[in-house]
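Asks: Structure: upload_31.pdb, PDB, C-alpha atoms.
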MODEL        1
ATOM      1  CA  MET L 125      18.423   1.970  -9.677
ATOM      2  CA  ARG L 126      14.774   2.828 -10.134
ATOM      3  CA  ARG L 127      12.454   0.120 -11.427
ATOM      4  CA  PHE L 128       9.352   1.358 -13.168
ATOM      5  CA  ARG L 129       6.390  -0.807 -14.138
ATOM      6  CA  HIS L 130       4.174   0.562 -16.854
ATOM      7  CA  THR L 131       0.709  -0.308 -18.110
ATOM      8  CA  ALA L 132       0.151   0.850 -21.663
ATOM      9  CA  LEU L 133      -3.592   1.212 -21.243
ATOM     10  CA  PHE L 134      -3.184   3.459 -18.237
ATOM     11  CA  ALA L 135      -0.567   5.544 -20.036
ATOM     12  CA  LEU L 136      -2.960   6.240 -22.907
ATOM     13  CA  ILE L 137      -5.801   7.325 -20.636
ATOM     14  CA  THR L 138      -3.524   9.397 -18.413
ATOM     15  CA  ALA L 139      -1.990  11.095 -21.438
ATOM     16  CA  ALA L 140      -5.430  11.965 -22.737
ATOM     17  CA  ALA L 141      -6.461  13.389 -19.381
ATOM     18  CA  LEU L 142      -3.294  15.403 -19.065
ATOM     19  CA  THR L 143      -3.679  16.798 -22.555
ATOM     20  CA  LEU L 144      -6.978  18.306 -21.467
ATOM     21  CA  THR L 145      -5.308  20.086 -18.546
ATOM     22  CA  SER L 146      -3.476  22.351 -20.958
ATOM     23  CA  CYS L 147      -6.852  23.978 -21.667
ATOM     24  CA  ALA L 148      -7.366  24.860 -18.002
ATOM     25  CA  ASP L 149      -7.160  28.450 -16.862
ATOM     26  CA  PRO L 150      -4.190  28.887 -14.467
ATOM     27  CA  ALA L 151      -6.299  31.351 -12.519
ATOM     28  CA  ASP L 152      -9.242  29.005 -12.061
ATOM     29  CA  GLY L 153      -8.071  27.927  -8.617
ATOM     30  CA  THR L 154      -7.515  24.292  -9.525
ATOM     31  CA  GLY L 155      -3.821  24.597 -10.171
ATOM     32  CA  ALA L 156      -4.203  22.299 -13.162
ATOM     33  CA  GLY L 157      -2.812  24.748 -15.662
ATOM     34  CA  GLN L 158       0.051  26.037 -13.526
ATOM     35  CA  GLY L 159       3.402  25.610 -15.239
ATOM     36  CA  ALA L 160       1.837  23.223 -17.728
ATOM     37  CA  ALA L 161       4.045  21.479 -20.252
ATOM     38  CA  ARG L 162       4.549  18.009 -21.762
ATOM     39  CA  GLY L 163       0.870  17.518 -22.555
ATOM     40  CA  GLY L 164      -0.493  19.510 -19.656
ATOM     41  CA  THR L 165       1.311  18.024 -16.648
ATOM     42  CA  PRO L 166       1.838  20.698 -13.973
ATOM     43  CA  THR L 167       5.592  21.248 -13.957
ATOM     44  CA  THR L 168       6.080  24.116 -11.516
ATOM     45  CA  ASP L 169       9.179  23.339  -9.457
ATOM     46  CA  VAL L 170       8.089  23.521  -5.824
ATOM     47  CA  VAL L 171      10.770  21.259  -4.385
ATOM     48  CA  SER L 172      14.319  22.143  -5.448
ATOM     49  CA  GLY L 173      14.423  25.326  -3.363
ATOM     50  CA  VAL L 174      13.626  23.526  -0.093
ATOM     51  CA  ALA L 175      16.478  23.878   2.380
ATOM     52  CA  LYS L 176      17.667  21.411   4.992
ATOM     53  CA  ASP L 177      16.416  22.027   8.509
ATOM     54  CA  GLU L 178      19.073  20.970  10.992
ATOM     55  CA  ALA L 179      16.674  20.700  13.927
ATOM     56  CA  ALA L 180      14.425  18.310  11.997
ATOM     57  CA  ALA L 181      17.383  16.336  10.637
ATOM     58  CA  LYS L 182      18.710  15.756  14.152
ATOM     59  CA  LEU L 183      15.551  13.771  14.907
ATOM     60  CA  LEU L 184      16.670  11.087  12.451
ATOM     61  CA  PRO L 185      18.373   7.941  13.761
ATOM     62  CA  ALA L 186      22.169   8.167  13.604
ATOM     63  CA  ARG L 187      22.389   5.361  11.034
ATOM     64  CA  VAL L 188      20.067   7.246   8.669
ATOM     65  CA  ARG L 189      21.979  10.508   9.075
ATOM     66  CA  ALA L 190      25.179   8.612   8.301
ATOM     67  CA  SER L 191      23.852   6.896   5.165
ATOM     68  CA  GLY L 192      21.880   9.906   3.970
ATOM     69  CA  THR L 193      19.438   7.698   2.071
ATOM     70  CA  LEU L 194      16.069   6.009   2.558
ATOM     71  CA  ARG L 195      14.262   3.407   0.447
ATOM     72  CA  ILE L 196      10.779   4.569  -0.534
ATOM     73  CA  ALA L 197       8.065   2.542  -2.221
ATOM     74  CA  THR L 198       5.664   4.533  -4.365
ATOM     75  CA  SER L 199       2.304   3.352  -5.623
ATOM     76  CA  VAL L 200       1.580   4.860  -9.031
ATOM     77  CA  GLY L 201      -2.116   5.333  -9.673
ATOM     78  CA  SER L 202      -3.672   8.408 -11.222
ATOM     79  CA  PRO L 203      -3.410  12.202 -10.961
ATOM     80  CA  PRO L 204      -3.058  14.150  -8.808
ATOM     81  CA  GLY L 205      -1.478  11.669  -6.342
ATOM     82  CA  ALA L 206       1.163   9.825  -8.356
ATOM     83  CA  PHE L 207       1.165   8.925 -12.033
ATOM     84  CA  TYR L 208       3.413   8.303 -15.028
ATOM     85  CA  GLU L 209       4.071  11.181 -17.370
ATOM     86  CA  GLU L 210       3.750  10.691 -21.103
ATOM     87  CA  ASP L 211       7.254   9.241 -21.404
ATOM     88  CA  GLY L 212       6.030   6.208 -19.481
ATOM     89  CA  SER L 213       8.882   6.272 -16.953
ATOM     90  CA  THR L 214       8.852   9.603 -15.115
ATOM     91  CA  VAL L 215       6.663   9.621 -12.013
ATOM     92  CA  SER L 216       4.952  12.873 -10.995
ATOM     93  CA  GLY L 217       2.253  13.968  -8.605
ATOM     94  CA  ALA L 218       1.533  15.449  -5.209
ATOM     95  CA  ASP L 219       2.797  12.360  -3.357
ATOM     96  CA  ILE L 220       6.109  12.644  -5.182
ATOM     97  CA  ASP L 221       6.485  16.343  -4.388
ATOM     98  CA  PHE L 222       5.612  15.889  -0.703
ATOM     99  CA  ALA L 223       8.050  13.005  -0.251
ATOM    100  CA  ASP L 224      10.874  14.755  -2.113
ATOM    101  CA  ALA L 225      10.319  18.019  -0.233
ATOM    102  CA  ALA L 226      10.296  16.274   3.161
ATOM    103  CA  ALA L 227      13.514  14.468   2.219
ATOM    104  CA  ARG L 228      15.172  17.780   1.375
ATOM    105  CA  VAL L 229      14.190  19.195   4.766
ATOM    106  CA  LEU L 230      15.890  16.203   6.363
ATOM    107  CA  GLY L 231      18.933  16.275   4.080
ATOM    108  CA  LEU L 232      18.133  12.835   2.647
ATOM    109  CA  ARG L 233      18.174  11.226  -0.769
ATOM    110  CA  LEU L 234      15.280   8.916  -1.585
ATOM    111  CA  LYS L 235      15.838   5.672  -3.485
ATOM    112  CA  ARG L 236      12.415   5.327  -5.060
ATOM    113  CA  GLU L 237      10.927   2.085  -6.312
ATOM    114  CA  VAL L 238       7.463   1.751  -7.809
ATOM    115  CA  ALA L 239       5.388  -0.991  -6.179
ATOM    116  CA  SER L 240       1.756  -2.038  -6.298
ATOM    117  CA  PHE L 241      -0.542  -0.384  -3.775
ATOM    118  CA  GLU L 242      -1.495  -3.622  -2.042
ATOM    119  CA  ALA L 243       2.155  -4.746  -1.719
ATOM    120  CA  ILE L 244       3.626  -1.692  -0.008
ATOM    121  CA  LEU L 245       2.281  -1.942   3.540
ATOM    122  CA  PRO L 246       3.269  -5.626   3.970
ATOM    123  CA  ALA L 247       6.700  -4.850   2.499
ATOM    124  CA  LEU L 248       7.283  -2.180   5.147
ATOM    125  CA  GLY L 249       6.906  -4.808   7.828
ATOM    126  CA  SER L 250       9.454  -7.056   6.105
ATOM    127  CA  GLY L 251      12.007  -4.242   6.053
ATOM    128  CA  LYS L 252      12.182  -4.036   2.260
ATOM    129  CA  TYR L 253      11.373  -0.309   2.329
ATOM    130  CA  ASP L 254      11.794   2.449   4.902
ATOM    131  CA  LEU L 255       8.594   4.262   3.961
ATOM    132  CA  GLY L 256       5.819   4.243   1.414
ATOM    133  CA  THR L 257       3.445   6.593  -0.356
ATOM    134  CA  GLY L 258       0.193   5.793  -2.134
ATOM    135  CA  ASN L 259      -2.502   8.058  -0.724
ATOM    136  CA  PHE L 260      -2.647   5.741   2.283
ATOM    137  CA  GLY L 261      -5.631   6.667   4.430
ATOM    138  CA  VAL L 262      -5.108   6.443   8.178
ATOM    139  CA  THR L 263      -7.502   3.835   9.545
ATOM    140  CA  ASP L 264      -7.639   2.239  12.981
ATOM    141  CA  GLU L 265      -7.069  -1.181  11.429
ATOM    142  CA  ARG L 266      -3.945  -0.050   9.603
ATOM    143  CA  ARG L 267      -2.608   1.703  12.712
ATOM    144  CA  GLU L 268      -2.273  -1.700  14.376
ATOM    145  CA  THR L 269       0.700  -2.552  12.159
ATOM    146  CA  ILE L 270       1.658   0.737  10.455
ATOM    147  CA  ASP L 271       2.758   4.169  11.663
ATOM    148  CA  PHE L 272       1.647   7.178   9.641
ATOM    149  CA  VAL L 273       2.888  10.750   9.407
ATOM    150  CA  THR L 274       0.021  12.791   7.998
ATOM    151  CA  TYR L 275       0.451  15.366   5.244
ATOM    152  CA  ILE L 276      -2.987  15.815   3.639
ATOM    153  CA  ASN L 277      -6.648  15.065   4.244
ATOM    154  CA  ASP L 278      -8.465  13.238   1.467
ATOM    155  CA  GLY L 279     -10.949  10.405   1.800
ATOM    156  CA  GLN L 280     -13.648   8.400   0.080
ATOM    157  CA  GLY L 281     -16.075   9.545  -2.583
ATOM    158  CA  PHE L 282     -18.104   8.436  -5.598
ATOM    159  CA  ALA L 283     -18.311   9.193  -9.311
ATOM    160  CA  VAL L 284     -20.852   8.094 -11.910
ATOM    161  CA  ARG L 285     -21.708   8.510 -15.572
ATOM    162  CA  GLU L 286     -23.645  11.635 -16.487
ATOM    163  CA  ASP L 287     -26.741   9.559 -17.245
ATOM    164  CA  SER L 288     -26.814   7.976 -13.767
ATOM    165  CA  GLY L 289     -29.922   8.549 -11.666
ATOM    166  CA  LEU L 290     -27.846   8.706  -8.487
ATOM    167  CA  LYS L 291     -27.644  12.167  -6.940
ATOM    168  CA  LYS L 292     -25.893  11.623  -3.612
ATOM    169  CA  ILE L 293     -24.825   8.575  -1.621
ATOM    170  CA  THR L 294     -25.145   9.023   2.123
ATOM    171  CA  ASP L 295     -25.667   5.344   2.985
ATOM    172  CA  LEU L 296     -24.112   2.345   1.255
ATOM    173  CA  THR L 297     -27.485   0.610   1.067
ATOM    174  CA  GLN L 298     -28.226   3.048  -1.760
ATOM    175  CA  LEU L 299     -25.760   0.959  -3.786
ATOM    176  CA  CYS L 300     -27.696  -2.297  -3.369
ATOM    177  CA  GLY L 301     -28.138  -4.064  -6.703
ATOM    178  CA  LEU L 302     -25.414  -1.996  -8.398
ATOM    179  CA  THR L 303     -21.819  -2.764  -9.385
ATOM    180  CA  ILE L 304     -19.120  -0.614  -7.768
ATOM    181  CA  GLY L 305     -15.695  -0.330  -9.356
ATOM    182  CA  THR L 306     -12.781   0.343  -7.023
ATOM    183  CA  GLY L 307      -9.100  -0.307  -6.410
ATOM    184  CA  ALA L 308      -7.814  -3.635  -5.132
ATOM    185  CA  GLY L 309      -6.452  -3.630  -1.579
ATOM    186  CA  THR L 310      -7.821  -0.164  -0.778
ATOM    187  CA  THR L 311      -9.881   1.225   2.083
ATOM    188  CA  PHE L 312     -12.720   1.485  -0.436
ATOM    189  CA  GLU L 313     -12.735  -2.265  -0.971
ATOM    190  CA  VAL L 314     -12.631  -2.830   2.796
ATOM    191  CA  THR L 315     -15.518  -0.416   3.415
ATOM    192  CA  LEU L 316     -17.628  -2.043   0.723
ATOM    193  CA  GLN L 317     -16.907  -5.575   1.952
ATOM    194  CA  GLU L 318     -17.698  -4.707   5.565
ATOM    195  CA  ASN L 319     -21.051  -3.181   4.629
ATOM    196  CA  LEU L 320     -22.090  -5.776   2.063
ATOM    197  CA  PRO L 321     -24.391  -7.730   4.459
ATOM    198  CA  ARG L 322     -26.504  -4.620   5.013
ATOM    199  CA  CYS L 323     -28.241  -5.067   1.657
ATOM    200  CA  ALA L 324     -29.552  -8.504   2.614
ATOM    201  CA  GLU L 325     -30.591  -7.148   6.011
ATOM    202  CA  ALA L 326     -32.601  -4.489   4.203
ATOM    203  CA  GLY L 327     -34.172  -7.074   1.910
ATOM    204  CA  GLU L 328     -32.269  -5.758  -1.098
ATOM    205  CA  LYS L 329     -30.083  -7.459  -3.695
ATOM    206  CA  PRO L 330     -26.409  -7.157  -2.645
ATOM    207  CA  TYR L 331     -24.170  -4.830  -4.603
ATOM    208  CA  GLU L 332     -21.245  -6.294  -6.523
ATOM    209  CA  ILE L 333     -17.682  -5.139  -5.903
ATOM    210  CA  ALA L 334     -15.443  -5.065  -8.972
ATOM    211  CA  THR L 335     -11.803  -4.522  -7.978
ATOM    212  CA  TYR L 336      -9.000  -3.520 -10.305
ATOM    213  CA  ALA L 337      -5.255  -3.149  -9.802
ATOM    214  CA  ASP L 338      -5.016  -0.721 -12.751
ATOM    215  CA  PRO L 339      -6.774   2.641 -12.162
ATOM    216  CA  ALA L 340      -7.453   2.970 -15.888
ATOM    217  CA  ALA L 341      -9.467  -0.243 -15.825
ATOM    218  CA  ILE L 342     -11.735   1.213 -13.138
ATOM    219  CA  TRP L 343     -12.693   4.138 -15.357
ATOM    220  CA  LEU L 344     -13.120   1.910 -18.395
ATOM    221  CA  SER L 345     -15.499  -0.288 -16.431
ATOM    222  CA  LEU L 346     -17.616   2.778 -15.672
ATOM    223  CA  GLU L 347     -17.522   4.156 -19.201
ATOM    224  CA  GLN L 348     -18.393   0.747 -20.685
ATOM    225  CA  ASN L 349     -21.322   0.187 -18.271
ATOM    226  CA  ARG L 350     -19.644  -2.723 -16.478
ATOM    227  CA  SER L 351     -19.710  -0.638 -13.290
ATOM    228  CA  ASP L 352     -22.433   1.743 -12.171
ATOM    229  CA  VAL L 353     -20.361   3.693  -9.658
ATOM    230  CA  VAL L 354     -16.674   4.292  -8.937
ATOM    231  CA  MET L 355     -15.517   4.619  -5.343
ATOM    232  CA  SER L 356     -12.096   6.184  -4.929
ATOM    233  CA  THR L 357     -10.199   9.122  -3.438
ATOM    234  CA  ILE L 358     -11.971  12.466  -3.336
ATOM    235  CA  ASN L 359      -9.069  14.284  -4.970
ATOM    236  CA  GLY L 360      -8.569  11.621  -7.626
ATOM    237  CA  LEU L 361     -12.262  11.563  -8.518
ATOM    238  CA  ARG L 362     -12.532  15.335  -8.810
ATOM    239  CA  TYR L 363      -9.437  15.441 -10.990
ATOM    240  CA  ALA L 364     -10.589  12.632 -13.269
ATOM    241  CA  VAL L 365     -14.165  13.755 -13.885
ATOM    242  CA  SER L 366     -13.032  17.291 -14.672
ATOM    243  CA  ARG L 367     -10.975  15.866 -17.542
ATOM    244  CA  GLN L 368     -13.170  13.070 -18.888
ATOM    245  CA  LYS L 369     -16.441  13.734 -20.701
ATOM    246  CA  GLY L 370     -19.603  11.974 -19.647
ATOM    247  CA  LEU L 371     -18.654  11.542 -15.977
ATOM    248  CA  ARG L 372     -19.521  13.481 -12.844
ATOM    249  CA  PHE L 373     -18.375  13.590  -9.256
ATOM    250  CA  LEU L 374     -21.199  12.475  -7.005
ATOM    251  CA  ASN L 375     -20.212  13.399  -3.452
ATOM    252  CA  GLU L 376     -17.767  12.950  -0.622
ATOM    253  CA  PHE L 377     -18.587  10.021   1.628
ATOM    254  CA  GLN L 378     -15.918   9.979   4.340
ATOM    255  CA  ARG L 379     -12.844  12.077   5.012
ATOM    256  CA  LEU L 380      -9.553  10.407   5.985
ATOM    257  CA  ASP L 381      -6.149  11.707   6.950
ATOM    258  CA  VAL L 382      -3.446  10.545   4.547
ATOM    259  CA  GLY L 383       0.148   9.963   5.511
ATOM    260  CA  PHE L 384       3.587   8.605   4.774
ATOM    261  CA  ALA L 385       3.536   4.957   5.840
ATOM    262  CA  PHE L 386       6.197   3.330   8.039
ATOM    263  CA  THR L 387       6.549   0.070   9.896
ATOM    264  CA  LYS L 388       5.075   0.173  13.402
ATOM    265  CA  GLY L 389       7.327   1.776  15.996
ATOM    266  CA  THR L 390       9.577   3.456  13.442
ATOM    267  CA  PRO L 391      12.079   6.023  14.784
ATOM    268  CA  LEU L 392      11.655   7.956  11.508
ATOM    269  CA  ALA L 393       8.195   9.306  12.309
ATOM    270  CA  PRO L 394       9.184  12.301  14.505
ATOM    271  CA  ALA L 395      11.642  13.534  11.885
ATOM    272  CA  PHE L 396       9.110  13.321   9.048
ATOM    273  CA  GLN L 397       6.470  14.986  11.194
ATOM    274  CA  ALA L 398       8.889  17.858  11.815
ATOM    275  CA  ALA L 399       9.679  17.988   8.092
ATOM    276  CA  VAL L 400       6.022  18.314   7.066
ATOM    277  CA  ASN L 401       5.446  21.029   9.645
ATOM    278  CA  ARG L 402       8.546  22.825   8.388
ATOM    279  CA  LEU L 403       7.132  22.719   4.841
ATOM    280  CA  LYS L 404       3.941  24.283   6.157
ATOM    281  CA  LYS L 405       5.901  27.024   7.872
ATOM    282  CA  ASP L 406       8.027  27.999   4.866
ATOM    283  CA  GLY L 407       5.136  27.957   2.395
ATOM    284  CA  THR L 408       6.243  24.934   0.362
ATOM    285  CA  TYR L 409       3.274  22.923   1.619
ATOM    286  CA  ASP L 410       0.735  25.396   0.227
ATOM    287  CA  ARG L 411       2.630  25.648  -3.052
ATOM    288  CA  ILE L 412       2.450  21.876  -3.552
ATOM    289  CA  LEU L 413      -1.297  21.848  -2.882
ATOM    290  CA  LYS L 414      -1.856  24.770  -5.258
ATOM    291  CA  LYS L 415       0.186  23.093  -7.988
ATOM    292  CA  TRP L 416      -2.000  19.991  -7.889
ATOM    293  CA  GLY L 417      -5.310  21.731  -7.246
ATOM    294  CA  THR L 418      -5.855  20.156  -3.826
ATOM    295  CA  THR L 419      -5.899  23.122  -1.467
ATOM    296  CA  ALA L 420      -9.067  21.774   0.175
ATOM    297  CA  SER L 421      -6.971  18.863   1.468
ATOM    298  CA  ALA L 422      -4.712  20.999   3.671
ATOM    299  CA  ILE L 423      -4.138  19.919   7.266
ATOM    300  CA  GLU L 424      -3.371  22.277  10.141
ATOM    301  CA  THR L 425      -0.455  20.266  11.457
ATOM    302  CA  SER L 426       1.172  16.900  10.807
ATOM    303  CA  ARG L 427       0.394  14.162  13.304
ATOM    304  CA  ILE L 428       1.730  10.684  13.955
ATOM    305  CA  SER L 429      -0.881   7.930  13.561
ATOM    306  CA  PRO L 430      -3.930   9.908  14.675
ATOM    307  CA  PRO L 431      -7.203   8.050  15.290
ATOM    308  CA  GLU L 432      -9.351   7.402  12.244
ATOM    309  CA  LEU L 433     -11.683  10.255  11.446
ATOM    310  CA  GLY L 434     -15.283   9.529  12.402
TER     311      GLY L 434
ENDMDL
END
Would you mind giving the structure from this file in structure tokens?
Replies:
Amino acid sequence: MRRFRHTALFALITAAALTLTSCADPADGTGAGQGAARGGTPTTDVVSGVAKDEAAAKLLPARVRASGTLRIATSVGSPPGAFYEEDGSTVSGADIDFADAAARVLGLRLKREVASFEAILPALGSGKYDLGTGNFGVTDERRETIDFVTYINDGQGFAVREDSGLKKITDLTQLCGLTIGTGAGTTFEVTLQENLPRCAEAGEKPYEIATYADPAAIWLSLEQNRSDVVMSTINGLRYAVSRQKGLRFLNEFQRLDVGFAFTKGTPLAPAFQAAVNRLKKDGTYDRILKKWGTTASAIETSRISPPELG
């Protein structure tokens, strides 16, 4: 049984953003208008035709091959990663397509449960789930307790209101004295907390970090002048500002590999690595990226827990 948690505020904002995607040109290279229906959500089926790969499936532990199922925790945030459609219960997005496609390669059925971003990684260690998705960036700190199988490259970036005087952020001391809105329990929050003392060292007023569990609340804080800057995923920022008036993407700050998350030492990693590389070989991988307008996030090959990008 799937359990879905829904925030009405986020549903309204997401629905509005998705409605705007129906105006996008399918040939504009973003993929936003491809197969659009139900208020503009990309609906092109890029998963159901994926065939099982016996060689990859043989890499699974015998118990998993016998059961044929895995428990996956999914963090629902905002497009294009994972989000609720207008019905408030159906989950869509690139993370969903990648996980479902990899499962088909391995001949598995996923039992998906929606969980909060900050709860998923600890829950993997407790054995509650077999894997998780949530645009989890691969960091050296996370690699101490989590194994990752990479499938895209995303990272950290900034967005502001159109009237902001900020042009480009290359050093976090440029944020001193400002309020930054970001997601709770994310690499963005960690980065901001770690660099917070630098403002005092530079003789500047420290920046304030405003964290939110609901992605919609982050954008509202920016629109209502309670935050000066939003720090989030590069893909998510580009998607959002292209569909909301009065906002602009500022710049990329740091690139990170993103992967399926597993408990440390999992025997599932080699099989999922083989599955992602199979999707690249048969063209499904590129079709998923094109559907969600994230072709710039392609990786050359899937890796298991690579070092954090410098």
Asks: Please report, as a Markdown table, each residue of region 278-333 of chain L lying at most 8 Å from region 342-360 of chain L, together with the nearest pair of atoms and the separation in Å rounded to one decimal; use all atoms listed in the file, and order rows by chain and ascending residue number.
Replies:
| residue | atom | partner | partner_atom | distance |
| --- | --- | --- | --- | --- |
| L:Asp278 | CA | L:Ile358 | CA | 6.0 |
| L:Gly279 | CA | L:Thr357 | CA | 5.4 |
| L:Gln280 | CA | L:Thr357 | CA | 5.0 |
| L:Gly281 | CA | L:Ile358 | CA | 5.1 |
| L:Phe282 | CA | L:Met355 | CA | 4.6 |
| L:Ala283 | CA | L:Val354 | CA | 5.2 |
| L:Val284 | CA | L:Val353 | CA | 5.0 |
| L:Arg285 | CA | L:Leu346 | CA | 7.0 |
| L:Ser288 | CA | L:Asp352 | CA | 7.8 |
| L:Leu302 | CA | L:Asp352 | CA | 6.1 |
| L:Thr303 | CA | L:Ser351 | CA | 4.9 |
| L:Ile304 | CA | L:Val353 | CA | 4.9 |
| L:Gly305 | CA | L:Val354 | CA | 4.7 |
| L:Thr306 | CA | L:Met355 | CA | 5.3 |
| L:Gly307 | CA | L:Ser356 | CA | 7.3 |
| L:Phe312 | CA | L:Met355 | CA | 6.5 |
Asks: Go ahead and compute the interatomic distance for CA of Leu296 (chain L) and CA of Phe241 (chain L), in Å to one decimal.
Replies: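 Spanning CA of Leu296 (chain L) to CA of Phe241 (chain L) is a straight-line distance of 24.3 Å.
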Asks: Pick the closest to Phe373 (chain L) from L:Ile293, L:Ala247, L:Leu234, L:Leu413: which is it, counting only C-alpha atoms?
Replies: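 Under the stated criterion, the closest residue is L:Ile293.
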Asks: Please, what distance in Å, to one decimal, runs between CA of Glu325 (chain L) and CA of Thr297 (chain L)?
Replies: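 Straight-line distance from CA of Glu325 (chain L) to CA of Thr297 (chain L) works out to 9.7 Å.
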Asks: Just the residues within 10 Å of Ala227 (chain L), please, counting only C-alpha atoms, with nothing from its chain fewer than 5 positions along; format it as a PyMOL selection string.
Replies: chain L and resi 171+174-176+181+192-194+221-222+232-234+395-396+399-400
Asks: Any chance you could export region 358-385 of chain L with C-alpha atoms, as a short mmCIF file (atom, residue, chain, number, x, y, z; two decimals), in the first residue's frame?
Replies:
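Saved result, decode_19.cif, follows:
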data_model
loop_
_atom_site.label_atom_id
_atom_site.label_comp_id
_atom_site.auth_asym_id
_atom_site.auth_seq_id
_atom_site.Cartn_x
_atom_site.Cartn_y
_atom_site.Cartn_z
CA ILE L 358 20.38 23.57 -10.15
CA ASN L 359 17.73 21.66 -12.08
CA GLY L 360 14.96 22.56 -9.65
CA LEU L 361 15.87 26.25 -9.69
CA ARG L 362 16.01 26.45 -13.48
CA TYR L 363 12.66 24.70 -13.74
CA ALA L 364 10.98 26.90 -11.15
CA VAL L 365 12.16 30.30 -12.34
CA SER L 366 11.20 29.50 -15.92
CA ARG L 367 7.61 29.06 -14.73
CA GLN L 368 7.23 31.75 -12.07
CA LYS L 369 7.19 35.45 -12.91
CA GLY L 370 9.45 37.85 -11.10
CA LEU L 371 12.23 35.35 -10.35
CA ARG L 372 15.54 34.59 -12.02
CA PHE L 373 18.19 31.92 -11.82
CA LEU L 374 21.40 33.44 -10.54
CA ASN L 375 24.15 30.89 -11.16
CA GLU L 376 25.50 27.44 -10.45
CA PHE L 377 27.65 27.27 -7.35
CA GLN L 378 28.82 23.66 -7.06
CA ARG L 379 28.14 20.53 -9.07
CA LEU L 380 27.36 17.24 -7.30
CA ASP L 381 26.74 13.71 -8.49
CA VAL L 382 23.28 12.47 -7.51
CA GLY L 383 22.43 8.87 -6.82
CA PHE L 384 20.10 6.22 -5.51
CA ALA L 385 20.80 5.94 -1.78
#
